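my_file.txt (compact mmCIF, C-alpha atoms and all ligand atoms)
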# COMPACT_ATOMS: atom_id res chain seq x y z
CA MET A 1 96.84 -13.50 18.41
CA HIS A 2 99.67 -15.39 20.10
CA GLU A 3 102.43 -13.48 18.31
CA LEU A 4 101.30 -10.11 19.68
CA GLY A 5 101.78 -11.44 23.21
CA VAL A 6 105.23 -12.73 22.28
CA ALA A 7 106.12 -9.35 20.74
CA GLN A 8 104.94 -7.55 23.91
CA GLN A 9 107.19 -9.82 25.97
CA ILE A 10 110.14 -8.99 23.70
CA VAL A 11 109.48 -5.25 24.04
CA ALA A 12 109.19 -5.59 27.85
CA GLU A 13 112.38 -7.64 28.06
CA VAL A 14 114.35 -5.13 25.95
CA ALA A 15 113.07 -2.27 28.13
CA ARG A 16 114.24 -4.19 31.19
CA GLN A 17 117.72 -4.94 29.80
CA ALA A 18 118.30 -1.51 28.27
CA PRO A 19 116.28 0.92 30.38
CA ASP A 20 115.88 4.48 29.04
CA GLN A 21 117.80 3.61 25.87
CA LYS A 22 116.62 4.26 22.34
CA ILE A 23 116.77 1.00 20.43
CA SER A 24 117.62 0.63 16.73
CA GLU A 25 117.49 -3.12 16.34
CA VAL A 26 116.39 -6.18 18.24
CA GLY A 27 117.48 -9.70 17.34
CA VAL A 28 115.49 -12.73 18.37
CA GLU A 29 115.68 -16.42 17.70
CA VAL A 30 112.40 -18.13 16.93
CA GLY A 31 112.48 -21.87 17.49
CA VAL A 32 111.22 -24.05 14.65
CA LEU A 33 108.76 -25.69 17.04
CA SER A 34 107.73 -22.54 18.90
CA GLY A 35 104.59 -22.21 16.80
CA VAL A 36 105.39 -18.54 16.25
CA VAL A 37 104.76 -17.30 12.70
CA VAL A 38 107.55 -14.88 11.82
CA HIS A 39 105.56 -12.43 9.70
CA ALA A 40 102.86 -12.33 12.40
CA LEU A 41 105.57 -11.67 14.98
CA GLN A 42 106.94 -8.82 12.82
CA TYR A 43 103.43 -7.38 12.66
CA GLY A 44 102.95 -7.81 16.41
CA PHE A 45 106.30 -6.14 17.07
CA GLY A 46 105.21 -3.20 14.92
CA VAL A 47 102.16 -2.80 17.17
CA ALA A 48 103.85 -3.53 20.51
CA LYS A 49 106.70 -1.07 19.99
CA LEU A 50 104.47 1.96 19.38
CA GLY A 51 104.95 4.64 22.01
CA THR A 52 108.04 2.94 23.45
CA LEU A 53 111.78 3.54 23.07
CA LEU A 54 111.71 0.71 20.53
CA GLU A 55 109.51 2.68 18.20
CA GLU A 56 112.30 3.06 15.57
CA ALA A 57 113.68 -0.43 16.08
CA THR A 58 113.68 -3.18 13.51
CA LEU A 59 113.21 -6.80 14.47
CA THR A 60 115.70 -9.30 13.09
CA VAL A 61 114.58 -12.89 13.30
CA ALA A 62 116.84 -15.94 13.20
CA THR A 63 115.58 -19.50 13.10
CA GLY A 64 116.30 -21.57 16.20
CA LEU A 65 117.02 -25.18 15.27
CA ARG A 66 116.73 -28.15 17.58
CA GLN A 67 119.90 -29.63 19.03
CA ALA A 68 120.08 -33.38 18.76
CA GLU A 69 122.43 -36.05 19.98
CA CYS A 70 122.43 -39.67 18.89
CA ALA A 71 122.60 -42.06 21.85
CA ASN A 72 124.05 -44.72 19.58
CA CYS A 73 127.02 -43.05 17.82
CA LYS A 74 127.14 -39.74 19.80
CA THR A 75 126.78 -37.66 16.65
CA GLU A 76 125.48 -34.19 17.41
CA PHE A 77 123.41 -32.40 14.82
CA GLN A 78 120.79 -29.73 14.35
CA SER A 79 117.37 -30.25 12.92
CA ASP A 80 114.30 -28.28 11.94
CA GLN A 81 112.16 -31.36 12.55
CA ALA A 82 110.38 -32.31 15.76
CA TRP A 83 112.11 -35.63 15.48
CA SER A 84 114.28 -37.53 12.99
CA CYS A 85 116.67 -40.47 12.82
CA CYS A 86 120.41 -40.01 13.25
CA PRO A 87 121.89 -38.84 9.90
CA GLN A 88 125.07 -40.79 10.65
CA CYS A 89 123.93 -44.27 11.72
CA GLN A 90 120.14 -44.05 11.13
CA SER A 91 119.50 -44.94 14.76
CA ASP A 92 116.18 -43.85 16.22
CA ARG A 93 117.73 -43.33 19.67
CA VAL A 94 118.13 -39.59 19.26
CA LYS A 95 117.61 -37.06 22.01
CA PHE A 96 116.30 -33.64 21.00
CA ARG A 97 116.15 -30.40 22.90
CA GLY A 98 115.44 -26.74 22.27
CA GLY A 99 113.99 -25.04 19.22
CA ASP A 100 110.66 -24.58 20.95
CA ASP A 101 110.91 -21.06 22.30
CA VAL A 102 111.65 -17.45 21.40
CA ARG A 103 114.90 -16.03 22.75
CA LEU A 104 116.34 -12.54 22.76
CA LEU A 105 119.71 -12.59 20.97
CA PHE A 106 120.88 -9.00 20.88
CA ILE A 107 119.85 -5.39 21.35
CA GLU A 108 121.31 -2.51 19.31
CA VAL A 109 121.17 0.84 21.07
CA VAL A 110 121.11 4.16 19.20
CA GLU A 111 124.37 6.00 20.00
ZN ZN B 1 123.90 -42.12 15.28
Just give me the structure of the file as structure tokens.
Amino acid sequence: MHELGVAQQIVAEVARQAPDQKISEVGVEVGVLSGVVVHALQYGFGVAKLGTLLEEATLTVATGLRQAECANCKTEFQSDQAWSCCPQCQSDRVKFRGGDDVRLLFIEVVE
């Protein structure tokens, strides 16, 4: 299961950024094209955190959209599609980036 591996990476990254801290909440951004299924990630996180300082932590997931810029009219927009036309001028000369990975957004430490 792909999501378990992702969850283990999240747990490892949190442990690296907040060593020896008890964690109450972890926020991540899951890109719309990352292929990660959020409920599977939640399940994987529940498994990966066992026996760690994240054991009590909840996982908050935000959706990471793709950033797009139209080469024709320079409109910048966000999209949950792999690709789409410019919403402003309907041009197909649109450059997309991002939205294809999982990023750590924040860590809440128990006081
Ligand atoms: Zn445009």
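Nearest residue to ligand ZN 1 (chain B) among A:Lys49, A:Lys22, A:Arg16, A:Arg93 is A:Arg93, counting only C-alpha atoms and all ligand atoms.
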Using all atoms listed in the file, which protein or nucleic acid residues are at most 12 Å from ligand ZN 1 (chain B), as a CSV table (one decimal) with C-alpha atoms, in the frame of the given file?
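Result saved to result_31.csv:
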chain,number,residue,atom,x,y,z
A,68,ALA,CA,120.1,-33.4,18.8
A,69,GLU,CA,122.4,-36.0,20.0
A,70,CYS,CA,122.4,-39.7,18.9
A,71,ALA,CA,122.6,-42.1,21.8
A,72,ASN,CA,124.0,-44.7,19.6
A,73,CYS,CA,127.0,-43.0,17.8
A,74,LYS,CA,127.1,-39.7,19.8
A,75,THR,CA,126.8,-37.7,16.6
A,76,GLU,CA,125.5,-34.2,17.4
A,77,PHE,CA,123.4,-32.4,14.8
A,84,SER,CA,114.3,-37.5,13.0
A,85,CYS,CA,116.7,-40.5,12.8
A,86,CYS,CA,120.4,-40.0,13.2
A,87,PRO,CA,121.9,-38.8,9.9
A,88,GLN,CA,125.1,-40.8,10.6
A,89,CYS,CA,123.9,-44.3,11.7
A,90,GLN,CA,120.1,-44.0,11.1
A,91,SER,CA,119.5,-44.9,14.8
A,92,ASP,CA,116.2,-43.8,16.2
A,93,ARG,CA,117.7,-43.3,19.7
A,94,VAL,CA,118.1,-39.6,19.3
A,95,LYS,CA,117.6,-37.1,22.0
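Nearest to Val37 of chain A of all the residues A:Glu56, A:Asp101, A:Glu3, A:Asp20 is A:Glu3, based on only C-alpha atoms.
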(request) With a distance cut-off of 7 Å and only C-alpha atoms, select the neighbouring residues of Leu4 of chain A, excluding the residue or stretch itself and same-chain residues fewer than 6 positions from it, and output the selection as a PyMOL selection string. (result) chain A and resi 41+44-45
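Here the question is which of A:Val11, A:Phe96, A:Gln81, A:Glu111 gets nearest to Leu33 of chain A using all atoms listed in the file, and that residue is A:Gln81.
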Please enclose the listed atoms of segment 83-99 of chain A in an axis-aligned box, pad each side by 3 Å, and write out the centre and the three edge lengths in Å, rounded to one decimal, as lines of an AutoDock Vina configuration file.
center_x = 118.6
center_y = -35.0
center_z = 16.4
size_x = 19.0
size_y = 25.9
size_z = 19.0
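Of the residues under consideration (A:Ser24, A:Pro19, A:Thr58, A:Ala82), A:Thr58 shows the shortest atom-to-atom contact distance to Gly46 of chain A when counting all atoms listed in the file.
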(request) Please identify all polymer residues within 12 Å of Val36 of chain A, counting all atoms listed in the file, omitting same-chain residues fewer than 3 positions from it, and present them as a PyMOL selection string. (result) chain A and resi 1-7+28-33+39-44+61+63-64+99-103
(request) Can you work out the spacing between atom CA of Thr52 of chain A and atom CA of Leu104 of chain A in Å, to one decimal? (result) 17.6 Å
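Pairwise distance (atom CA of Glu13 of chain A, atom CA of Gln67 of chain A) equals 24.9 Å.
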(request) For each of A:Leu65, A:Leu59, A:Val110, A:Val14, take the minimum atom-to-atom distance to Gly27 of chain A, counting only C-alpha atoms, then give the residue where this is smallest. (result) A:Leu59
Add whatever atoms are absent from segment 13-33 of chain A to reach N, CA and C atoms, and provide the output as a short mmCIF file (atom, residue, chain, number, x, y, z; two decimals), in the coordinates of the input.
data_model
loop_
_atom_site.label_atom_id
_atom_site.label_comp_id
_atom_site.auth_asym_id
_atom_site.auth_seq_id
_atom_site.Cartn_x
_atom_site.Cartn_y
_atom_site.Cartn_z
N GLU A 13 111.07 -7.12 27.69
CA GLU A 13 112.38 -7.64 28.06
C GLU A 13 113.49 -6.67 27.63
N VAL A 14 113.36 -6.10 26.43
CA VAL A 14 114.35 -5.13 25.95
C VAL A 14 114.36 -3.91 26.87
N ALA A 15 113.18 -3.44 27.25
CA ALA A 15 113.07 -2.27 28.13
C ALA A 15 113.72 -2.56 29.49
N ARG A 16 113.64 -3.82 29.91
CA ARG A 16 114.24 -4.19 31.19
C ARG A 16 115.77 -4.26 31.10
N GLN A 17 116.26 -4.77 29.96
CA GLN A 17 117.72 -4.94 29.80
C GLN A 17 118.42 -3.65 29.40
N ALA A 18 117.69 -2.77 28.72
CA ALA A 18 118.30 -1.51 28.27
C ALA A 18 117.37 -0.36 28.64
N PRO A 19 117.24 -0.10 29.95
CA PRO A 19 116.28 0.92 30.38
C PRO A 19 116.68 2.31 29.89
N ASP A 20 115.68 3.09 29.47
CA ASP A 20 115.88 4.48 29.04
C ASP A 20 116.82 4.61 27.85
N GLN A 21 116.95 3.56 27.06
CA GLN A 21 117.80 3.61 25.87
C GLN A 21 116.91 3.56 24.63
N LYS A 22 117.32 4.32 23.61
CA LYS A 22 116.62 4.26 22.34
C LYS A 22 117.19 3.09 21.55
N ILE A 23 116.34 2.25 21.05
CA ILE A 23 116.77 1.00 20.43
C ILE A 23 116.63 1.09 18.91
N SER A 24 117.68 0.62 18.19
CA SER A 24 117.62 0.63 16.73
C SER A 24 117.31 -0.74 16.15
N GLU A 25 117.71 -1.78 16.87
CA GLU A 25 117.49 -3.12 16.34
C GLU A 25 117.41 -4.14 17.48
N VAL A 26 116.53 -5.09 17.29
CA VAL A 26 116.39 -6.18 18.24
C VAL A 26 116.50 -7.49 17.48
N GLY A 27 117.34 -8.39 17.98
CA GLY A 27 117.48 -9.70 17.34
C GLY A 27 116.88 -10.79 18.21
N VAL A 28 116.07 -11.60 17.63
CA VAL A 28 115.49 -12.73 18.37
C VAL A 28 115.68 -14.02 17.58
N GLU A 29 115.65 -15.10 18.31
CA GLU A 29 115.68 -16.42 17.70
C GLU A 29 114.33 -17.07 17.93
N VAL A 30 113.71 -17.48 16.83
CA VAL A 30 112.40 -18.13 16.93
C VAL A 30 112.59 -19.62 16.64
N GLY A 31 112.31 -20.43 17.64
CA GLY A 31 112.48 -21.87 17.49
C GLY A 31 111.53 -22.45 16.45
N VAL A 32 112.02 -23.46 15.72
CA VAL A 32 111.22 -24.05 14.65
C VAL A 32 109.94 -24.69 15.19
N LEU A 33 109.95 -25.06 16.47
CA LEU A 33 108.76 -25.69 17.04
C LEU A 33 108.00 -24.76 17.98
#
